[in-house]
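S.K.: Below is the file query-v9.cif, with mmCIF, C-alpha atoms.
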```cif
data_input
loop_
_atom_site.label_atom_id
_atom_site.label_comp_id
_atom_site.auth_asym_id
_atom_site.auth_seq_id
_atom_site.Cartn_x
_atom_site.Cartn_y
_atom_site.Cartn_z
CA MET A 1 11.81 -14.14 13.81
CA LYS A 2 8.86 -15.26 11.71
CA ILE A 3 6.84 -12.44 10.15
CA VAL A 4 3.60 -12.91 8.24
CA VAL A 5 2.99 -10.59 5.28
CA THR A 6 -0.58 -10.76 4.01
CA GLY A 7 -0.93 -9.74 0.38
CA GLY A 8 2.75 -10.67 0.26
CA LEU A 9 2.88 -11.11 -3.51
CA GLY A 10 1.14 -7.81 -4.20
CA PHE A 11 2.82 -4.56 -5.17
CA ILE A 12 3.77 -3.16 -1.76
CA GLY A 13 3.74 -6.55 -0.04
CA SER A 14 6.37 -8.08 -2.32
CA HIS A 15 8.74 -5.13 -1.89
CA THR A 16 8.28 -5.37 1.88
CA VAL A 17 9.06 -9.11 1.81
CA VAL A 18 12.33 -8.22 0.05
CA GLU A 19 13.28 -5.65 2.69
CA LEU A 20 12.35 -8.01 5.55
CA GLN A 21 14.47 -10.81 4.10
CA ASN A 22 17.33 -8.36 3.56
CA GLU A 23 17.14 -7.67 7.32
CA GLY A 24 17.26 -11.38 8.17
CA PHE A 25 13.60 -12.04 9.00
CA GLU A 26 11.91 -15.31 8.10
CA VAL A 27 8.85 -14.39 6.06
CA VAL A 28 5.60 -16.22 5.43
CA ALA A 29 3.73 -14.59 2.56
CA ILE A 30 -0.04 -15.05 2.34
CA ASP A 31 -1.88 -14.19 -0.87
CA ASN A 32 -5.02 -15.35 -2.67
CA LEU A 33 -3.51 -14.30 -6.04
CA SER A 34 -6.63 -12.30 -6.95
CA ASN A 35 -4.52 -9.30 -8.02
CA SER A 36 -1.03 -10.78 -8.08
CA SER A 37 0.98 -13.59 -9.65
CA ILE A 38 2.81 -16.62 -8.25
CA GLU A 39 5.81 -15.63 -10.41
CA VAL A 40 6.47 -12.78 -7.95
CA LEU A 41 8.02 -15.41 -5.66
CA ASP A 42 10.75 -15.97 -8.27
CA GLY A 43 11.43 -12.23 -8.45
CA ILE A 44 11.79 -12.04 -4.67
CA GLU A 45 14.17 -15.01 -4.73
CA LYS A 46 16.31 -13.46 -7.49
CA ILE A 47 16.74 -10.27 -5.45
CA THR A 48 17.32 -11.81 -2.00
CA SER A 49 18.59 -15.33 -2.87
CA LYS A 50 15.80 -16.68 -0.68
CA LYS A 51 12.22 -17.66 -1.41
CA PRO A 52 9.75 -16.84 1.36
CA ILE A 53 7.36 -19.50 2.67
CA PHE A 54 4.14 -19.08 0.68
CA GLU A 55 0.57 -19.97 1.63
CA LYS A 56 -2.30 -19.44 -0.82
CA ILE A 57 -5.12 -18.36 1.48
CA ASP A 58 -8.21 -16.22 1.07
CA LEU A 59 -8.45 -14.35 4.36
CA ARG A 60 -12.22 -14.08 3.96
CA GLU A 61 -12.35 -17.79 4.85
CA LYS A 62 -12.33 -17.84 8.64
CA LEU A 63 -11.44 -21.53 8.94
CA ALA A 64 -8.45 -21.08 6.61
CA VAL A 65 -7.14 -18.26 8.82
CA GLN A 66 -7.59 -20.39 11.96
CA ASN A 67 -5.77 -23.34 10.36
CA PHE A 68 -2.92 -21.09 9.26
CA PHE A 69 -2.30 -19.90 12.83
CA LYS A 70 -2.44 -23.48 14.13
CA LYS A 71 0.24 -24.41 11.61
CA HIS A 72 2.44 -21.35 12.31
CA GLN A 73 2.48 -20.91 16.08
CA ASP A 74 5.82 -19.08 16.28
CA ILE A 75 4.72 -15.86 14.59
CA THR A 76 6.21 -12.66 16.06
CA GLY A 77 4.55 -10.10 13.81
CA VAL A 78 2.01 -9.55 11.04
CA ILE A 79 2.12 -6.89 8.33
CA HIS A 80 -1.34 -6.70 6.81
CA PHE A 81 -1.59 -5.52 3.19
CA ALA A 82 -4.26 -7.90 1.83
CA ALA A 83 -7.16 -5.71 0.73
CA SER A 84 -8.99 -4.44 -2.31
CA LYS A 85 -7.62 -0.97 -2.99
CA ALA A 86 -9.19 0.91 -5.92
CA VAL A 87 -11.27 3.98 -5.06
CA GLY A 88 -13.38 3.90 -8.25
CA GLU A 89 -14.07 0.17 -8.05
CA SER A 90 -15.12 0.51 -4.40
CA VAL A 91 -17.77 3.05 -5.39
CA GLU A 92 -19.12 0.61 -7.99
CA ASN A 93 -18.89 -2.51 -5.78
CA PRO A 94 -18.99 -1.49 -2.10
CA LEU A 95 -20.00 -4.89 -0.71
CA LEU A 96 -16.89 -6.53 -2.18
CA TYR A 97 -14.77 -3.96 -0.37
CA TYR A 98 -16.56 -4.30 2.97
CA GLU A 99 -16.38 -8.09 2.84
CA ASN A 100 -12.76 -8.31 1.73
CA ASN A 101 -11.22 -5.47 3.72
CA ILE A 102 -13.16 -5.77 6.99
CA ASN A 103 -13.77 -9.52 7.37
CA SER A 104 -10.16 -10.45 6.66
CA LEU A 105 -8.93 -7.92 9.25
CA VAL A 106 -11.36 -9.22 11.90
CA TYR A 107 -10.37 -12.86 11.33
CA LEU A 108 -6.67 -11.99 11.60
CA LEU A 109 -7.14 -10.01 14.80
CA GLN A 110 -9.20 -12.81 16.36
CA GLU A 111 -6.21 -15.14 15.97
CA LEU A 112 -3.63 -12.56 17.06
CA ALA A 113 -5.68 -11.79 20.18
CA ASN A 114 -5.01 -15.36 21.34
CA LEU A 115 -1.24 -14.87 21.28
CA PRO A 116 0.70 -13.81 24.42
CA GLN A 117 2.14 -10.92 22.42
CA ALA A 118 1.25 -9.78 18.93
CA ASN A 119 2.81 -7.07 16.78
CA PHE A 120 0.61 -5.78 13.99
CA ILE A 121 1.38 -3.32 11.20
CA PHE A 122 -1.70 -2.10 9.34
CA SER A 123 -1.58 -0.86 5.78
CA SER A 124 -3.76 2.22 6.11
CA SER A 125 -4.17 5.12 3.71
CA CYS A 126 -4.30 8.87 3.39
CA THR A 127 -7.90 8.32 2.22
CA VAL A 128 -8.87 8.26 5.92
CA TYR A 129 -8.44 12.05 5.90
CA GLY A 130 -11.03 12.50 3.13
CA GLN A 131 -10.54 16.00 1.73
CA ALA A 132 -8.32 17.41 4.47
CA GLU A 133 -8.90 21.03 5.41
CA LYS A 134 -5.27 22.07 5.08
CA MET A 135 -2.03 20.88 3.48
CA PRO A 136 0.31 19.24 4.19
CA ILE A 137 -1.69 16.70 6.18
CA THR A 138 -0.49 15.83 9.70
CA GLU A 139 -1.53 12.79 11.73
CA ASP A 140 -3.55 15.15 13.93
CA ALA A 141 -5.80 16.17 11.02
CA SER A 142 -9.40 15.23 11.70
CA VAL A 143 -10.65 12.10 9.97
CA GLN A 144 -13.25 13.43 7.53
CA PRO A 145 -16.22 11.45 6.18
CA ALA A 146 -14.72 9.03 3.66
CA ASN A 147 -15.07 9.89 -0.02
CA SER A 148 -15.33 6.23 -1.03
CA PRO A 149 -16.14 2.79 0.41
CA TYR A 150 -12.40 1.99 0.10
CA GLY A 151 -11.52 4.96 2.29
CA ASN A 152 -14.27 3.97 4.71
CA THR A 153 -12.84 0.44 5.08
CA LYS A 154 -9.52 1.98 6.12
CA GLN A 155 -11.23 4.26 8.66
CA ILE A 156 -13.24 1.35 10.06
CA GLY A 157 -10.13 -0.85 10.07
CA GLU A 158 -8.25 1.69 12.18
CA GLU A 159 -11.20 1.92 14.62
CA ILE A 160 -11.34 -1.87 14.96
CA ILE A 161 -7.60 -2.08 15.69
CA ASN A 162 -7.82 0.68 18.30
CA ASP A 163 -10.75 -1.04 20.03
CA VAL A 164 -9.10 -4.49 20.00
CA ALA A 165 -5.70 -3.26 21.20
CA LYS A 166 -7.31 -1.83 24.36
CA VAL A 167 -8.39 -5.28 25.54
CA THR A 168 -5.73 -7.64 24.10
CA ASN A 169 -1.95 -8.06 23.92
CA ILE A 170 -1.89 -6.62 20.40
CA ASN A 171 0.42 -3.66 19.77
CA ALA A 172 -0.10 -1.96 16.43
CA ILE A 173 1.25 0.71 14.13
CA LEU A 174 -1.07 2.24 11.54
CA LEU A 175 0.83 3.44 8.48
CA ARG A 176 -1.19 5.95 6.50
CA TYR A 177 0.47 6.20 3.16
CA PHE A 178 -0.03 8.34 0.20
CA ASN A 179 0.40 7.16 -3.44
CA PRO A 180 2.91 4.31 -3.92
CA ILE A 181 4.70 4.16 -7.27
CA GLY A 182 7.81 2.64 -8.84
CA ALA A 183 9.50 -0.73 -8.78
CA HIS A 184 12.58 -2.44 -7.36
CA SER A 185 15.79 -1.23 -9.00
CA SER A 186 16.45 -4.77 -10.25
CA ALA A 187 13.13 -4.69 -12.20
CA GLU A 188 12.48 -8.19 -10.84
CA ILE A 189 9.31 -7.05 -9.06
CA GLY A 190 6.98 -4.10 -9.61
CA GLU A 191 3.36 -3.09 -10.01
CA LEU A 192 1.50 -5.42 -12.35
CA PRO A 193 -2.25 -4.96 -11.97
CA ILE A 194 -4.55 -7.60 -13.42
CA GLY A 195 -6.91 -6.05 -15.98
CA ILE A 196 -7.24 -2.30 -16.52
CA PRO A 197 -5.02 -0.38 -14.05
CA GLN A 198 -6.87 1.63 -11.41
CA ASN A 199 -3.79 3.67 -10.47
CA LEU A 200 -2.19 6.48 -12.46
CA VAL A 201 1.39 5.29 -12.92
CA PRO A 202 0.75 1.77 -14.28
CA PHE A 203 -1.78 3.32 -16.65
CA ILE A 204 0.90 5.78 -17.77
CA THR A 205 3.52 3.07 -18.34
CA GLN A 206 1.06 0.79 -20.15
CA THR A 207 -0.01 3.69 -22.39
CA ALA A 208 3.63 4.59 -23.12
CA TYR A 209 4.31 0.95 -24.03
CA GLY A 210 1.33 0.92 -26.38
CA LEU A 211 -0.97 -1.40 -24.40
CA ARG A 212 -3.47 1.41 -23.88
CA LYS A 213 -4.57 3.86 -26.54
CA GLU A 214 -4.43 6.90 -24.30
CA LEU A 215 -4.46 7.99 -20.69
CA SER A 216 -7.63 9.47 -19.19
CA VAL A 217 -7.12 12.48 -16.92
CA TYR A 218 -10.16 12.69 -14.65
CA GLY A 219 -11.06 16.36 -14.54
CA ASN A 220 -9.07 19.56 -15.16
CA ASP A 221 -11.43 21.92 -13.35
CA TYR A 222 -10.27 21.31 -9.78
CA PRO A 223 -9.14 24.33 -7.69
CA THR A 224 -5.43 23.52 -8.19
CA PRO A 225 -2.75 25.41 -10.21
CA ASP A 226 -3.33 23.35 -13.38
CA GLY A 227 -6.85 22.09 -12.60
CA THR A 228 -5.85 18.45 -12.01
CA CYS A 229 -5.78 16.52 -8.73
CA ILE A 230 -2.68 16.68 -6.54
CA ARG A 231 -1.18 13.65 -4.79
CA ASP A 232 1.98 12.70 -2.88
CA TYR A 233 3.78 9.98 -4.88
CA ILE A 234 6.08 7.82 -2.75
CA HIS A 235 8.51 5.21 -4.07
CA VAL A 236 7.45 1.70 -3.10
CA VAL A 237 10.95 0.82 -1.82
CA ASP A 238 10.86 3.79 0.58
CA LEU A 239 7.46 2.55 1.72
CA ALA A 240 8.66 -1.03 2.19
CA LYS A 241 11.61 0.12 4.31
CA ALA A 242 9.24 2.11 6.53
CA HIS A 243 7.25 -1.06 7.28
CA VAL A 244 10.41 -2.81 8.44
CA VAL A 245 11.38 0.14 10.66
CA ALA A 246 7.86 0.21 12.17
CA LEU A 247 7.95 -3.53 12.83
CA GLN A 248 11.35 -3.26 14.54
CA ARG A 249 9.93 -0.49 16.74
CA LEU A 250 7.26 -2.89 18.01
CA LEU A 251 9.62 -5.86 18.34
CA ASN A 252 12.05 -3.72 20.37
CA LYS A 253 9.14 -2.44 22.52
CA GLN A 254 9.94 1.17 21.64
CA ASN A 255 6.30 2.12 21.00
CA LEU A 256 4.94 4.64 23.47
CA GLN A 257 1.29 3.69 22.94
CA LYS A 258 -0.58 0.47 22.15
CA VAL A 259 -1.51 1.93 18.77
CA GLU A 260 0.65 4.50 16.99
CA THR A 261 -0.05 6.25 13.69
CA PHE A 262 2.37 7.60 11.08
CA ASN A 263 2.01 9.29 7.70
CA LEU A 264 4.27 7.96 4.96
CA GLY A 265 4.87 10.21 1.97
CA THR A 266 7.43 12.56 0.47
CA GLY A 267 5.82 15.76 1.72
CA LYS A 268 5.52 17.04 -1.86
CA GLY A 269 2.33 17.18 -3.91
CA SER A 270 2.35 16.69 -7.68
CA SER A 271 -0.58 17.18 -10.05
CA VAL A 272 -1.61 14.60 -12.64
CA LEU A 273 -0.27 16.83 -15.43
CA GLU A 274 3.02 17.29 -13.56
CA VAL A 275 3.35 13.50 -13.28
CA ILE A 276 2.74 13.14 -17.02
CA THR A 277 5.39 15.79 -17.78
CA ALA A 278 7.89 14.13 -15.41
CA PHE A 279 7.28 10.74 -17.03
CA GLU A 280 7.83 12.17 -20.52
CA LYS A 281 11.11 13.64 -19.28
CA VAL A 282 12.50 10.40 -17.77
CA SER A 283 11.23 8.10 -20.56
CA GLY A 284 11.75 10.33 -23.59
CA LYS A 285 8.27 9.30 -24.77
CA LYS A 286 5.31 11.53 -25.59
CA LEU A 287 2.23 10.39 -23.71
CA PRO A 288 -1.19 10.54 -25.41
CA TYR A 289 -3.89 11.63 -22.98
CA LYS A 290 -7.37 13.16 -22.93
CA ILE A 291 -9.26 15.12 -20.31
CA VAL A 292 -12.46 13.37 -19.21
CA GLY A 293 -15.02 14.04 -16.47
CA ARG A 294 -14.19 13.87 -12.77
CA ARG A 295 -14.18 10.45 -11.11
CA GLU A 296 -16.41 9.90 -8.11
CA GLY A 297 -14.48 9.43 -4.87
CA ASP A 298 -11.43 11.51 -5.83
CA VAL A 299 -10.27 14.22 -3.43
CA ILE A 300 -8.81 17.45 -4.80
CA SER A 301 -5.46 17.41 -3.04
CA ALA A 302 -3.57 15.20 -0.59
CA TYR A 303 0.07 15.36 0.43
CA ALA A 304 1.78 14.47 3.67
CA ASN A 305 3.49 16.18 6.53
CA THR A 306 6.03 13.45 7.39
CA ASP A 307 7.73 15.13 10.37
CA LYS A 308 6.45 12.52 12.84
CA ALA A 309 7.78 9.53 10.86
CA ASN A 310 11.05 11.39 10.21
CA LYS A 311 11.64 12.14 13.90
CA ILE A 312 10.16 9.14 15.72
CA LEU A 313 10.79 6.30 13.25
CA GLY A 314 13.98 7.84 11.89
CA TRP A 315 12.60 7.20 8.40
CA LYS A 316 12.59 9.56 5.43
CA ALA A 317 11.69 9.06 1.77
CA ALA A 318 14.91 8.89 -0.27
CA PHE A 319 13.57 8.67 -3.83
CA SER A 320 12.06 11.43 -6.00
CA LEU A 321 9.00 11.36 -8.25
CA GLU A 322 11.33 11.00 -11.24
CA ASP A 323 13.10 8.03 -9.58
CA GLY A 324 9.77 6.31 -9.07
CA LEU A 325 8.60 6.93 -12.64
CA ALA A 326 11.91 5.80 -14.15
CA SER A 327 11.86 2.54 -12.17
CA ALA A 328 8.21 1.93 -13.09
CA TRP A 329 9.06 2.41 -16.79
CA LYS A 330 12.06 0.07 -16.53
CA TRP A 331 9.82 -2.56 -14.94
CA GLU A 332 7.07 -2.15 -17.56
CA GLN A 333 9.55 -2.65 -20.39
CA LYS A 334 11.12 -5.70 -18.76
CA VAL A 335 7.84 -7.42 -17.98
CA ARG A 336 6.57 -6.95 -21.56
CA SER A 337 9.78 -8.06 -23.27
#
```
So that I can check it, write out the structure of this file as structure tokens.

M.R.:
Amino acid sequence: MKIVVTGGLGFIGSHTVVELQNEGFEVVAIDNLSNSSIEVLDGIEKITSKKPIFEKIDLREKLAVQNFFKKHQDITGVIHFAASKAVGESVENPLLYYENNINSLVYLLQELANLPQANFIFSSSCTVYGQAEKMPITEDASVQPANSPYGNTKQIGEEIINDVAKVTNINAILLRYFNPIGAHSSAEIGELPIGIPQNLVPFITQTAYGLRKELSVYGNDYPTPDGTCIRDYIHVVDLAKAHVVALQRLLNKQNLQKVETFNLGTGKGSSVLEVITAFEKVSGKKLPYKIVGRREGDVISAYANTDKANKILGWKAAFSLEDGLASAWKWEQKVRS
């Protein structure tokens, strides 16, 4: 079965390609290499002994998307990761986020709507909940006004998929995940942001390695036990495996609705300071950091209730926060050596 993974050389996409190939799927990875590297293909091949088909495409180019689907007419599923994904950057450059995240989704769905049957997995986010009213967050929690243009693109994306699925042969699963961290145990692939990292863990590992002078902690006056924001940090390999399970659910026609939604997380919230302490423990390195002002777009606390994914998908996060941080540190050291 031929599966398309958009953003297939990115952080979560590349790990999902590995898990798909481990399960025997033929994978076509699409990426425009704006926040990834062609060398990731070699890492995937080292782990799985197989290089996926690769197409360099910018999904904002409608004609390129149409030509891709003419070339690959035997597609059985699409897992859609390709998107800009930094909360802070989206506040500063909202039009980039609306163009990249919405247009690319629309062009993909237009092509999938022409197929007799289409299976679509959407990379959504816990940001759709905004600042949820109670923790842990269930899938039934109301979708609050988005705190950032990034979060808004995920809310709009989900609405578009729901509308399109009603009138086409598309079946979809929306995976709302929390904060992905870590790297493959082989250290052949991992998170390697281009430029200054927008996410906490790569900033931590780059600071520990000496690439950054110190880590900025955005605010310590939040209403949390230590004053810093709380998030649910999920290992990227756990996340990748969940995408494969969700895809198999659609392929086996086990879905009970045209569009289903699942939270993916560990169910445990950790504050920024707790993450720093855990990293110092697994790495043996003291991390220089300073407290700075709050960052616009950040919610106070977000961690998942994962009962639905545990029961219906039969999926559960296997790795701990410490596992994720240790693998991220191993990857950072390897990639810099």

S.K.: Identify which of the residues A:Leu215, A:Ala86, A:Leu250, A:Ala242 lies closest to A:Asn263, counting only C-alpha atoms when measuring atom-to-atom distances.

M.R.: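 Of A:Leu215, A:Ala86, A:Leu250, A:Ala242, the one nearest A:Asn263, counting only C-alpha atoms, is A:Ala242.
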
S.K.: Dump as a list in words all residues having an atom at most 9 Å from (-4.4, 7.3, -8.9), computed in the file's coordinates with all atoms listed in the file.

M.R.: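 It turns out the residues near that spot are Ala86, Val87, Asn179, Gln198, Asn199, Leu200, Val201, Arg231, Val272 and Asp298 of chain A.
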
S.K.: How would you write, as a list of chain:residue names, the residues chosen by the PyMOL selection byres ((chain A and resi 275) around 10) on this structure?

M.R.: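 Residues picked by the PyMOL selection byres ((chain A and resi 275) around 10): A:Leu200, A:Val201, A:Ile204, A:Ile230, A:Arg231, A:Tyr233, A:Ser270, A:Ser271, A:Val272, A:Leu273, A:Glu274, A:Ile276, A:Thr277, A:Ala278, A:Phe279, A:Glu280, A:Lys281, A:Leu321, A:Glu322, A:Leu325.
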
S.K.: Any chance you could work out the residue set of the PyMOL selection byres ((chain A and resi 122) around 6) here, as a PDB file with C-alpha atoms, in the frame of the given file?

M.R.:
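See part22.pdb below for the written result:
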```pdb
ATOM      1  CA  HIS A  80      -1.340  -6.700   6.810  1.00  0.00           C
ATOM      2  CA  ILE A 121       1.380  -3.320  11.200  1.00  0.00           C
ATOM      3  CA  SER A 123      -1.580  -0.860   5.780  1.00  0.00           C
ATOM      4  CA  SER A 124      -3.760   2.220   6.110  1.00  0.00           C
ATOM      5  CA  LEU A 174      -1.070   2.240  11.540  1.00  0.00           C
TER       6      LEU A 174
END
```

S.K.: Got a sec: who's within 10 Å of A:Lys134, counting only C-alpha atoms, leaving out chain neighbours fewer than 5 positions off, as a list of chain:residue names?

M.R.: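 Non-adjacent residues within range: A:Ala141, A:Ser301, A:Ala302, A:Tyr303.
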
S.K.: Decode the PyMOL selection byres ((chain A and resi 214) around 8) for the given file into explicit residues and return them as a PyMOL selection string.

M.R.: chain A and resi 207+212-213+215-216+287-290

S.K.: Could you pull out every residue with an atom within 8 Å of (-13.1, -3.1, -1.7), file coordinates, counting only C-alpha atoms, and send them as a list in words?

M.R.: Ala83, Ser84, Lys85, Ala86, Glu89, Ser90, Asn93, Pro94, Leu95, Leu96, Tyr97, Tyr98, Glu99, Asn100, Asn101, Pro149, Tyr150 and Thr153 of chain A

S.K.: Can you work out which one of A:Leu175, A:Val143, A:Ile189, A:Val167 has the shortest atom-to-atom distance to A:Trp331, counting all atoms listed in the file?

M.R.: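 Counting all atoms listed in the file, the residue closest to A:Trp331 is A:Ile189.
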
S.K.: With distances taken over all atoms listed in the file, which residue among A:Arg294, A:Lys316, A:Lys253, A:His72 lies nearest A:Phe54?

M.R.: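 Using all atoms listed in the file, A:Phe54 sits closest to A:His72.
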
S.K.: Using all atoms listed in the file, which of A:Gly8, A:Gly324, A:Gly267, A:Pro116 sits nearest A:Thr138?

M.R.: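 Among A:Gly8, A:Gly324, A:Gly267, A:Pro116, it is A:Gly267 that comes nearest to A:Thr138.
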
S.K.: Using all atoms listed in the file, which of A:Asp307, A:Glu188, A:Asp238, A:Glu296 sits nearest A:Ser320?

M.R.: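 Using all atoms listed in the file, A:Ser320 sits closest to A:Asp238.
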
S.K.: With all atoms listed in the file as the atoms that count, which of A:Ala317, A:Val4, A:Leu59, A:Val236 lies nearest to A:Tyr107?

M.R.: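 Counting all atoms listed in the file, the residue closest to A:Tyr107 is A:Leu59.
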
S.K.: Please rebuild stretch 231-240 of chain A with all heavy atoms and return the result as a PDB file, in the frame of the given file.

M.R.:
```
ATOM      1  N   ARG A 231      -1.458  14.775  -5.682  1.00  0.00           N
ATOM      2  CA  ARG A 231      -1.180  13.650  -4.790  1.00  0.00           C
ATOM      3  C   ARG A 231       0.308  13.643  -4.423  1.00  0.00           C
ATOM      4  O   ARG A 231       1.134  14.244  -5.101  1.00  0.00           O
ATOM      5  CB  ARG A 231      -1.531  12.306  -5.453  1.00  0.00           C
ATOM      6  CG  ARG A 231      -2.992  12.128  -5.834  1.00  0.00           C
ATOM      7  CD  ARG A 231      -3.867  11.914  -4.613  1.00  0.00           C
ATOM      8  NE  ARG A 231      -5.262  11.683  -4.994  1.00  0.00           N
ATOM      9  CZ  ARG A 231      -6.158  12.646  -5.168  1.00  0.00           C
ATOM     10  NH1 ARG A 231      -5.804  13.916  -4.996  1.00  0.00           N
ATOM     11  NH2 ARG A 231      -7.395  12.361  -5.505  1.00  0.00           N
ATOM     12  N   ASP A 232       0.608  12.881  -3.382  1.00  0.00           N
ATOM     13  CA  ASP A 232       1.980  12.700  -2.880  1.00  0.00           C
ATOM     14  C   ASP A 232       2.427  11.308  -3.335  1.00  0.00           C
ATOM     15  O   ASP A 232       1.925  10.302  -2.845  1.00  0.00           O
ATOM     16  CB  ASP A 232       1.950  12.810  -1.356  1.00  0.00           C
ATOM     17  CG  ASP A 232       3.333  12.785  -0.727  1.00  0.00           C
ATOM     18  OD1 ASP A 232       4.283  12.284  -1.349  1.00  0.00           O
ATOM     19  OD2 ASP A 232       3.447  13.252   0.429  1.00  0.00           O
ATOM     20  N   TYR A 233       3.359  11.263  -4.282  1.00  0.00           N
ATOM     21  CA  TYR A 233       3.780   9.980  -4.880  1.00  0.00           C
ATOM     22  C   TYR A 233       5.062   9.492  -4.214  1.00  0.00           C
ATOM     23  O   TYR A 233       6.109  10.126  -4.317  1.00  0.00           O
ATOM     24  CB  TYR A 233       3.975  10.138  -6.385  1.00  0.00           C
ATOM     25  CG  TYR A 233       2.683  10.447  -7.093  1.00  0.00           C
ATOM     26  CD1 TYR A 233       2.296  11.770  -7.337  1.00  0.00           C
ATOM     27  CD2 TYR A 233       1.825   9.433  -7.489  1.00  0.00           C
ATOM     28  CE1 TYR A 233       1.088  12.062  -7.966  1.00  0.00           C
ATOM     29  CE2 TYR A 233       0.610   9.709  -8.114  1.00  0.00           C
ATOM     30  CZ  TYR A 233       0.257  11.023  -8.351  1.00  0.00           C
ATOM     31  OH  TYR A 233      -0.939  11.309  -8.963  1.00  0.00           O
ATOM     32  N   ILE A 234       4.952   8.352  -3.514  1.00  0.00           N
ATOM     33  CA  ILE A 234       6.080   7.820  -2.750  1.00  0.00           C
ATOM     34  C   ILE A 234       6.584   6.518  -3.380  1.00  0.00           C
ATOM     35  O   ILE A 234       5.794   5.655  -3.766  1.00  0.00           O
ATOM     36  CB  ILE A 234       5.693   7.601  -1.264  1.00  0.00           C
ATOM     37  CG1 ILE A 234       6.846   6.948  -0.497  1.00  0.00           C
ATOM     38  CG2 ILE A 234       4.393   6.806  -1.118  1.00  0.00           C
ATOM     39  CD1 ILE A 234       6.651   6.916   0.996  1.00  0.00           C
ATOM     40  N   HIS A 235       7.895   6.405  -3.476  1.00  0.00           N
ATOM     41  CA  HIS A 235       8.510   5.210  -4.070  1.00  0.00           C
ATOM     42  C   HIS A 235       8.225   3.994  -3.191  1.00  0.00           C
ATOM     43  O   HIS A 235       8.356   4.043  -1.967  1.00  0.00           O
ATOM     44  CB  HIS A 235      10.020   5.413  -4.196  1.00  0.00           C
ATOM     45  CG  HIS A 235      10.686   4.479  -5.151  1.00  0.00           C
ATOM     46  ND1 HIS A 235      10.719   3.116  -4.961  1.00  0.00           N
ATOM     47  CD2 HIS A 235      11.346   4.704  -6.318  1.00  0.00           C
ATOM     48  CE1 HIS A 235      11.378   2.545  -5.961  1.00  0.00           C
ATOM     49  NE2 HIS A 235      11.761   3.495  -6.802  1.00  0.00           N
ATOM     50  N   VAL A 236       7.850   2.906  -3.825  1.00  0.00           N
ATOM     51  CA  VAL A 236       7.450   1.700  -3.100  1.00  0.00           C
ATOM     52  C   VAL A 236       8.575   1.131  -2.230  1.00  0.00           C
ATOM     53  O   VAL A 236       8.317   0.547  -1.174  1.00  0.00           O
ATOM     54  CB  VAL A 236       6.897   0.636  -4.074  1.00  0.00           C
ATOM     55  CG1 VAL A 236       7.989   0.123  -5.016  1.00  0.00           C
ATOM     56  CG2 VAL A 236       6.227  -0.513  -3.329  1.00  0.00           C
ATOM     57  N   VAL A 237       9.826   1.323  -2.636  1.00  0.00           N
ATOM     58  CA  VAL A 237      10.950   0.820  -1.820  1.00  0.00           C
ATOM     59  C   VAL A 237      11.077   1.637  -0.538  1.00  0.00           C
ATOM     60  O   VAL A 237      11.324   1.088   0.541  1.00  0.00           O
ATOM     61  CB  VAL A 237      12.260   0.796  -2.632  1.00  0.00           C
ATOM     62  CG1 VAL A 237      13.445   0.437  -1.730  1.00  0.00           C
ATOM     63  CG2 VAL A 237      12.156  -0.205  -3.790  1.00  0.00           C
ATOM     64  N   ASP A 238      10.891   2.957  -0.640  1.00  0.00           N
ATOM     65  CA  ASP A 238      10.860   3.790   0.580  1.00  0.00           C
ATOM     66  C   ASP A 238       9.760   3.301   1.516  1.00  0.00           C
ATOM     67  O   ASP A 238       9.948   3.198   2.733  1.00  0.00           O
ATOM     68  CB  ASP A 238      10.587   5.253   0.208  1.00  0.00           C
ATOM     69  CG  ASP A 238      11.828   5.997  -0.262  1.00  0.00           C
ATOM     70  OD1 ASP A 238      12.933   5.640   0.178  1.00  0.00           O
ATOM     71  OD2 ASP A 238      11.685   6.934  -1.073  1.00  0.00           O
ATOM     72  N   LEU A 239       8.607   3.018   0.947  1.00  0.00           N
ATOM     73  CA  LEU A 239       7.460   2.550   1.720  1.00  0.00           C
ATOM     74  C   LEU A 239       7.753   1.216   2.402  1.00  0.00           C
ATOM     75  O   LEU A 239       7.461   1.021   3.590  1.00  0.00           O
ATOM     76  CB  LEU A 239       6.274   2.410   0.768  1.00  0.00           C
ATOM     77  CG  LEU A 239       4.863   2.509   1.307  1.00  0.00           C
ATOM     78  CD1 LEU A 239       4.691   3.720   2.198  1.00  0.00           C
ATOM     79  CD2 LEU A 239       3.879   2.547   0.146  1.00  0.00           C
ATOM     80  N   ALA A 240       8.333   0.302   1.652  1.00  0.00           N
ATOM     81  CA  ALA A 240       8.660  -1.030   2.190  1.00  0.00           C
ATOM     82  C   ALA A 240       9.629  -0.908   3.369  1.00  0.00           C
ATOM     83  O   ALA A 240       9.448  -1.565   4.401  1.00  0.00           O
ATOM     84  CB  ALA A 240       9.262  -1.896   1.090  1.00  0.00           C
TER      85      ALA A 240
END
```
